[in-house]
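Undergrad: This one is work-v8.txt, compact mmCIF, C-alpha atoms.
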# COMPACT_ATOMS: atom_id res chain seq x y z
CA MET A 1 0.00 0.00 0.00
CA ASN A 2 1.68 3.13 -1.04
CA ARG A 3 -0.54 5.86 0.15
CA THR A 4 0.78 9.18 1.27
CA TYR A 5 -0.42 10.75 4.45
CA GLU A 6 0.30 13.91 6.25
CA LEU A 7 0.25 13.89 10.01
CA MET A 8 0.14 17.24 11.63
CA PHE A 9 0.32 17.32 15.37
CA ILE A 10 0.66 19.89 18.07
CA VAL A 11 2.82 19.39 21.11
CA ARG A 12 2.68 21.51 24.22
CA PRO A 13 4.65 24.73 23.96
CA ASP A 14 6.94 23.98 26.89
CA MET A 15 8.37 20.87 25.29
CA THR A 16 12.10 21.04 24.81
CA GLU A 17 13.79 20.71 21.46
CA GLU A 18 15.43 17.42 22.32
CA ASP A 19 12.20 15.92 23.57
CA GLN A 20 10.60 16.84 20.27
CA ASP A 21 13.44 15.20 18.38
CA LYS A 22 13.08 12.13 20.53
CA LEU A 23 9.36 11.94 19.87
CA ILE A 24 9.87 12.39 16.15
CA SER A 25 12.53 9.70 16.00
CA THR A 26 10.30 7.23 17.83
CA LEU A 27 7.55 7.94 15.36
CA GLU A 28 9.97 7.46 12.50
CA SER A 29 11.11 4.13 13.87
CA ALA A 30 7.47 3.11 14.17
CA VAL A 31 7.02 4.01 10.53
CA ALA A 32 10.05 1.98 9.56
CA SER A 33 8.91 -1.08 11.53
CA SER A 34 5.54 -1.01 9.75
CA SER A 35 7.39 -1.08 6.43
CA GLY A 36 6.44 2.51 5.72
CA ASN A 37 8.53 5.38 4.59
CA ALA A 38 8.85 8.67 6.45
CA LYS A 39 9.25 11.16 3.64
CA SER A 40 9.76 14.36 5.51
CA VAL A 41 9.51 15.99 8.88
CA GLU A 42 8.90 19.66 9.24
CA LYS A 43 8.84 21.54 12.48
CA MET A 44 6.62 24.47 11.84
CA GLY A 45 7.51 26.13 15.08
CA LYS A 46 5.47 27.73 17.78
CA ARG A 47 2.11 29.16 16.80
CA ARG A 48 -0.82 30.67 18.56
CA LEU A 49 -3.76 28.31 18.62
CA ALA A 50 -7.09 29.55 17.38
CA TYR A 51 -8.71 28.23 20.55
CA ALA A 52 -7.51 26.80 23.79
CA VAL A 53 -6.59 23.13 23.68
CA ARG A 54 -6.14 21.48 27.08
CA GLY A 55 -5.54 24.87 28.56
CA PHE A 56 -2.82 25.86 26.12
CA ARG A 57 -3.12 28.94 24.00
CA GLU A 58 -0.14 28.12 21.85
CA GLY A 59 1.59 25.04 20.63
CA ILE A 60 4.44 23.70 18.54
CA TYR A 61 3.31 22.35 15.20
CA VAL A 62 5.05 19.41 13.59
CA LEU A 63 4.25 18.07 10.16
CA LEU A 64 5.16 14.52 9.24
CA THR A 65 4.70 13.07 5.77
CA VAL A 66 4.66 9.30 5.53
CA GLU A 67 4.04 6.64 2.93
CA GLY A 68 2.34 3.47 3.95
CA GLY A 69 -0.93 1.73 4.57
CA GLY A 70 -3.81 2.20 6.92
CA GLY A 71 -2.30 -0.03 9.56
CA LEU A 72 0.66 2.25 9.84
CA ILE A 73 -1.59 5.25 10.33
CA HIS A 74 -3.56 3.37 12.93
CA GLU A 75 -0.36 2.66 14.84
CA LEU A 76 0.91 6.22 14.54
CA GLU A 77 -2.36 7.69 15.72
CA ARG A 78 -2.42 5.32 18.64
CA ARG A 79 1.07 6.43 19.59
CA LEU A 80 0.16 10.08 19.30
CA ARG A 81 -2.89 9.52 21.45
CA VAL A 82 -0.92 7.95 24.25
CA THR A 83 1.97 10.40 24.04
CA GLU A 84 1.17 12.86 26.73
CA PRO A 85 2.75 16.08 25.34
CA VAL A 86 0.83 15.78 22.06
CA ILE A 87 -2.27 17.86 22.47
CA LYS A 88 -3.84 17.51 19.04
CA PHE A 89 -3.25 15.75 15.77
CA LEU A 90 -4.75 15.48 12.32
CA THR A 91 -4.08 12.95 9.56
CA VAL A 92 -4.87 13.75 5.97
CA ARG A 93 -4.40 11.52 2.99
CA ILE A 94 -2.72 13.57 0.31
CA ASP A 95 -1.77 11.29 -2.57
CA GLU A 96 -5.08 11.52 -4.42
CA GLU A 97 -5.20 15.27 -4.14
CA GLN A 98 -1.62 15.41 -5.36
CA LYS A 99 -2.53 13.23 -8.31
CA ARG A 100 -5.36 15.57 -9.19
CA LEU A 101 -3.09 18.59 -8.97
CA ASP A 102 -0.46 16.96 -11.15
CA LYS A 103 -3.09 16.19 -13.73
CA ILE A 104 -4.31 19.77 -13.80
CA LYS A 105 -0.76 21.02 -14.02
CA LYS A 106 -0.05 18.73 -16.92
CA ILE A 107 -3.16 19.83 -18.77
CA ARG A 108 -2.26 23.46 -18.25
CA GLU A 109 1.26 22.93 -19.44
CA SER A 110 0.19 21.14 -22.57
CA ARG A 111 -2.21 24.00 -23.30
CA ARG A 112 0.49 26.59 -22.84
CA LYS A 113 2.79 25.18 -25.46
CA THR A 114 0.66 23.53 -28.10
CA ALA A 115 3.59 22.55 -30.29
CA PRO A 116 5.00 19.67 -28.21
CA ALA A 117 1.51 18.72 -27.10
CA PRO A 118 0.99 15.41 -28.98
CA ALA A 119 3.81 13.65 -27.16
CA GLU A 120 2.63 15.24 -23.94
CA THR A 121 -1.00 14.16 -24.28
CA GLY A 122 -0.01 10.55 -24.94
CA GLY A 123 1.57 10.27 -21.55
CA GLU A 124 -1.29 12.21 -20.04
CA THR A 125 -4.05 9.87 -21.13
CA ALA A 126 -1.99 6.98 -19.86
CA ALA A 127 -1.78 8.72 -16.53
CA VAL A 128 -5.52 9.30 -16.52
CA THR A 129 -6.42 5.71 -17.20
CA ALA A 130 -3.89 4.43 -14.72
CA MET B 1 -11.46 11.67 -23.09
CA ALA B 2 -10.29 13.00 -19.84
CA ASP B 3 -13.49 13.85 -18.06
CA GLU B 4 -12.41 17.18 -16.81
CA THR B 5 -15.06 18.94 -14.85
CA ARG B 6 -14.37 22.47 -15.79
CA PRO B 7 -14.93 24.67 -12.78
CA ALA B 8 -14.46 27.79 -14.84
CA THR B 9 -17.80 27.49 -16.55
CA SER B 10 -20.04 27.38 -13.53
CA PRO B 11 -19.55 30.71 -11.72
CA ALA B 12 -21.51 32.53 -14.40
CA GLU B 13 -24.62 30.75 -13.23
CA GLY B 14 -23.95 31.65 -9.66
CA THR B 15 -25.78 34.93 -10.07
CA SER B 16 -28.88 33.66 -11.78
CA GLY B 17 -30.93 36.06 -9.76
CA GLY B 18 -28.68 38.88 -10.87
CA ASP B 19 -30.64 39.85 -13.96
CA ARG B 20 -33.98 39.72 -12.26
CA PRO B 21 -34.35 43.26 -10.94
CA GLU B 22 -36.01 44.66 -14.05
CA ARG B 23 -37.76 47.96 -13.92
CA ARG B 24 -41.31 47.55 -12.73
CA PRO B 25 -42.76 50.81 -11.57
CA PRO B 26 -46.46 50.11 -12.13
CA ARG B 27 -47.11 47.78 -9.32
CA PRO B 28 -49.43 49.42 -6.91
CA GLY B 29 -49.39 48.18 -3.43
CA GLY B 30 -48.59 44.58 -4.12
CA PRO B 31 -47.03 42.80 -1.22
CA ALA B 32 -43.40 42.24 -1.74
CA GLY B 33 -43.67 38.50 -1.52
CA PRO B 34 -40.76 36.23 -2.03
CA GLY B 35 -39.67 38.07 -5.16
CA GLY B 36 -39.60 41.40 -3.41
CA ARG B 37 -36.32 40.56 -1.86
CA GLU B 38 -34.55 40.74 -5.16
CA GLY B 39 -36.52 43.56 -6.73
CA GLY B 40 -35.90 47.22 -6.27
CA ARG B 41 -32.15 47.01 -5.95
CA LYS B 42 -30.85 50.38 -6.88
CA TYR B 43 -27.15 50.10 -6.33
CA PHE B 44 -24.83 48.66 -8.87
CA ARG B 45 -23.93 45.12 -8.13
CA ARG B 46 -20.60 43.96 -9.36
CA LYS B 47 -20.54 40.54 -10.88
CA LYS B 48 -18.83 38.19 -8.50
CA VAL B 49 -16.26 35.80 -9.79
CA CYS B 50 -14.65 32.82 -8.21
CA LYS B 51 -11.29 33.82 -6.82
CA PHE B 52 -9.91 30.33 -7.29
CA CYS B 53 -10.93 30.16 -10.93
CA VAL B 54 -9.61 33.62 -11.72
CA GLU B 55 -6.28 33.23 -9.98
CA LYS B 56 -6.05 29.58 -10.99
CA ILE B 57 -5.53 28.43 -7.45
CA GLU B 58 -6.12 24.71 -7.53
CA ALA B 59 -4.59 23.63 -4.26
CA ILE B 60 -6.82 24.65 -1.37
CA ASN B 61 -4.76 23.44 1.52
CA TYR B 62 -5.81 23.49 5.14
CA LYS B 63 -2.40 24.81 6.13
CA ASP B 64 -2.81 27.97 4.11
CA VAL B 65 -4.45 30.02 6.83
CA ARG B 66 -4.02 33.31 5.01
CA LEU B 67 -6.08 32.09 2.11
CA LEU B 68 -8.73 30.39 4.18
CA ALA B 69 -9.18 33.32 6.52
CA GLN B 70 -10.52 35.37 3.61
CA PHE B 71 -13.52 33.06 3.47
CA VAL B 72 -14.22 32.94 7.17
CA ALA B 73 -16.38 35.58 8.79
CA GLU B 74 -15.45 37.38 11.99
CA SER B 75 -17.66 34.99 13.86
CA GLY B 76 -15.67 32.04 12.54
CA LYS B 77 -18.34 30.92 10.12
CA ILE B 78 -17.67 29.89 6.56
CA VAL B 79 -18.89 32.65 4.29
CA PRO B 80 -21.57 31.38 1.90
CA ARG B 81 -21.00 31.17 -1.79
CA ARG B 82 -23.66 33.72 -2.60
CA LEU B 83 -21.60 36.33 -0.78
CA THR B 84 -18.14 35.45 -1.98
CA GLY B 85 -18.93 34.25 -5.50
CA VAL B 86 -16.83 31.15 -5.19
CA CYS B 87 -17.99 28.44 -7.59
CA THR B 88 -19.43 25.19 -6.29
CA PRO B 89 -16.45 22.86 -6.83
CA HIS B 90 -14.12 25.29 -5.17
CA GLN B 91 -16.47 26.06 -2.31
CA ARG B 92 -16.65 22.37 -1.61
CA ARG B 93 -12.89 22.07 -1.35
CA LEU B 94 -12.70 25.29 0.56
CA SER B 95 -15.15 24.19 3.20
CA THR B 96 -13.29 20.92 3.65
CA ALA B 97 -10.04 22.79 4.08
CA ILE B 98 -11.56 25.19 6.58
CA LYS B 99 -12.96 22.34 8.60
CA ARG B 100 -9.60 20.64 8.68
CA ALA B 101 -7.90 23.84 9.71
CA ARG B 102 -10.41 24.19 12.52
CA ASN B 103 -9.68 20.72 13.71
CA ILE B 104 -6.00 21.42 14.11
CA ALA B 105 -6.58 24.80 15.76
CA LEU B 106 -5.42 26.90 12.84
CA LEU B 107 -8.84 28.48 12.54
CA PRO B 108 -11.42 29.02 15.25
CA PHE B 109 -14.70 27.14 15.44
CA ALA B 110 -16.34 30.25 16.76
CA GLY B 111 -15.14 33.72 17.39
CA ARG B 112 -11.95 35.38 16.45
CA ALA B 113 -8.61 33.63 16.49
CA SER B 114 -7.42 35.36 19.60
Please lay out the structure from this file as structure tokens.
TA:
Amino acid sequence: MNRTYELMFIVRPDMTEEDQDKLISTLESAVASSSGNAKSVEKMGKRRLAYAVRGFREGIYVLLTVEGGGGLIHELERRLRVTEPVIKFLTVRIDEEQKRLDKIKKIRESRRKTAPAPAETGGETAAVTA
Amino acid sequence: MADETRPATSPAEGTSGGDRPERRPPRPGGPAGPGGREGGRKYFRRKKVCKFCVEKIEAINYKDVRLLAQFVAESGKIVPRRLTGVCTPHQRRLSTAIKRARNIALLPFAGRAS
């Protein structure tokens, strides 16, 4: 199952840098053990929350992009739920949306330069039917 | 072959009621009724267009708070299509994105993002 998911989670603002790194590395090892692939980790830094979550008005956002199946996500979400400093998380599947965007981009590009279009459209229809 | 649902074609229909306010002075004392809401508009109404179609924004991402905040009222509500002019396909994606952003505390459920 090669689906791509995005896990965004918020940890409490008083969490130290090394604790965050530790948490992220445990998540990554969990991904690896479920034969998934952690594509990227992005610490988005401290942000003000739009509403209070567990009494916190701000939090540190972390974005994790992984490839894998539903079982992996299940495991990751379970881990996030039991990890005490994580105050909120959200998982979004992004591969289908990305596929749609790539398709639109391709169509636009082939419209822009009509000269090399025939070769372009051949690959495009293949991508559509796939 | 590619069944592309063109979003660009639909926003024109969004203002179907727009050409209704025709001049109708001889109408003595009739109750306004349901149509009275639309009639008698004197100010010039600009034709609304879908921002996403015009600027060719295809990716409506929940992380893009700047973009989403334009379509959220002060109270935190999603602004309806009839006010913003966003076409149906884009409004659908927009509302999903706003709801996701709310879930992860990027946007408020109610009230201003303090």
Undergrad: Counting all atoms listed in the file, which residues in chain A sit no more than 7 Å from chain B? For each one, give the nearest pair of atoms and the distance in Å, sorted by chain then residue number, as CSV.
TA:
residue,atom,partner,partner_atom,distance
A:Leu49,CA,B:Ala105,CA,5.3
A:Ala50,CA,B:Ala113,CA,4.4
A:Tyr51,CA,B:Pro108,CA,6.0
A:Lys88,CA,B:Ile104,CA,6.7
A:Phe89,CA,B:Ile104,CA,6.5
A:Leu90,CA,B:Ile104,CA,6.3
A:Leu101,CA,B:Glu58,CA,7.0
A:Val128,CA,B:Ala2,CA,6.9
Undergrad: Which residue out of A:Tyr5, A:Thr16, A:Ile10, A:Ile60 has the minimum interatomic distance to A:Asn37 when all atoms listed in the file are used?
TA: A:Tyr5
Undergrad: Can you pull out the residues contacting stretch 70-78 of chain A? Cut-off 12 Å, using only C-alpha atoms, and skip same-chain residues under 5 positions away; I want them as a PyMOL selection string.
TA: chain A and resi 1-9+23-24+26-38+64-65+83-84+86+88-93
Undergrad: Report, in Å with one decimal, the straight-line distance from atom CA of B:Ala97 to atom CA of B:Val72.
TA: 11.4 Å
Undergrad: Calculate how many Å separate atom CA of A:Leu80 from atom CA of A:Asp14, rounding to one decimal.
TA: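 Interatomic distance here is 17.2 Å.
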Undergrad: One number please: atom CA of A:Glu18 to atom CA of A:Lys43, in Å, one decimal.
TA: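 It comes out at 12.5 Å.
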Undergrad: Counting only C-alpha atoms, which residues sit no farther than 12 Å from the position (1.7, 33.1, 25.2) in the file's frame? I'd like them as a ChimeraX atom specification.
TA: /A:12-14,46-49,52,55-60 /B:114
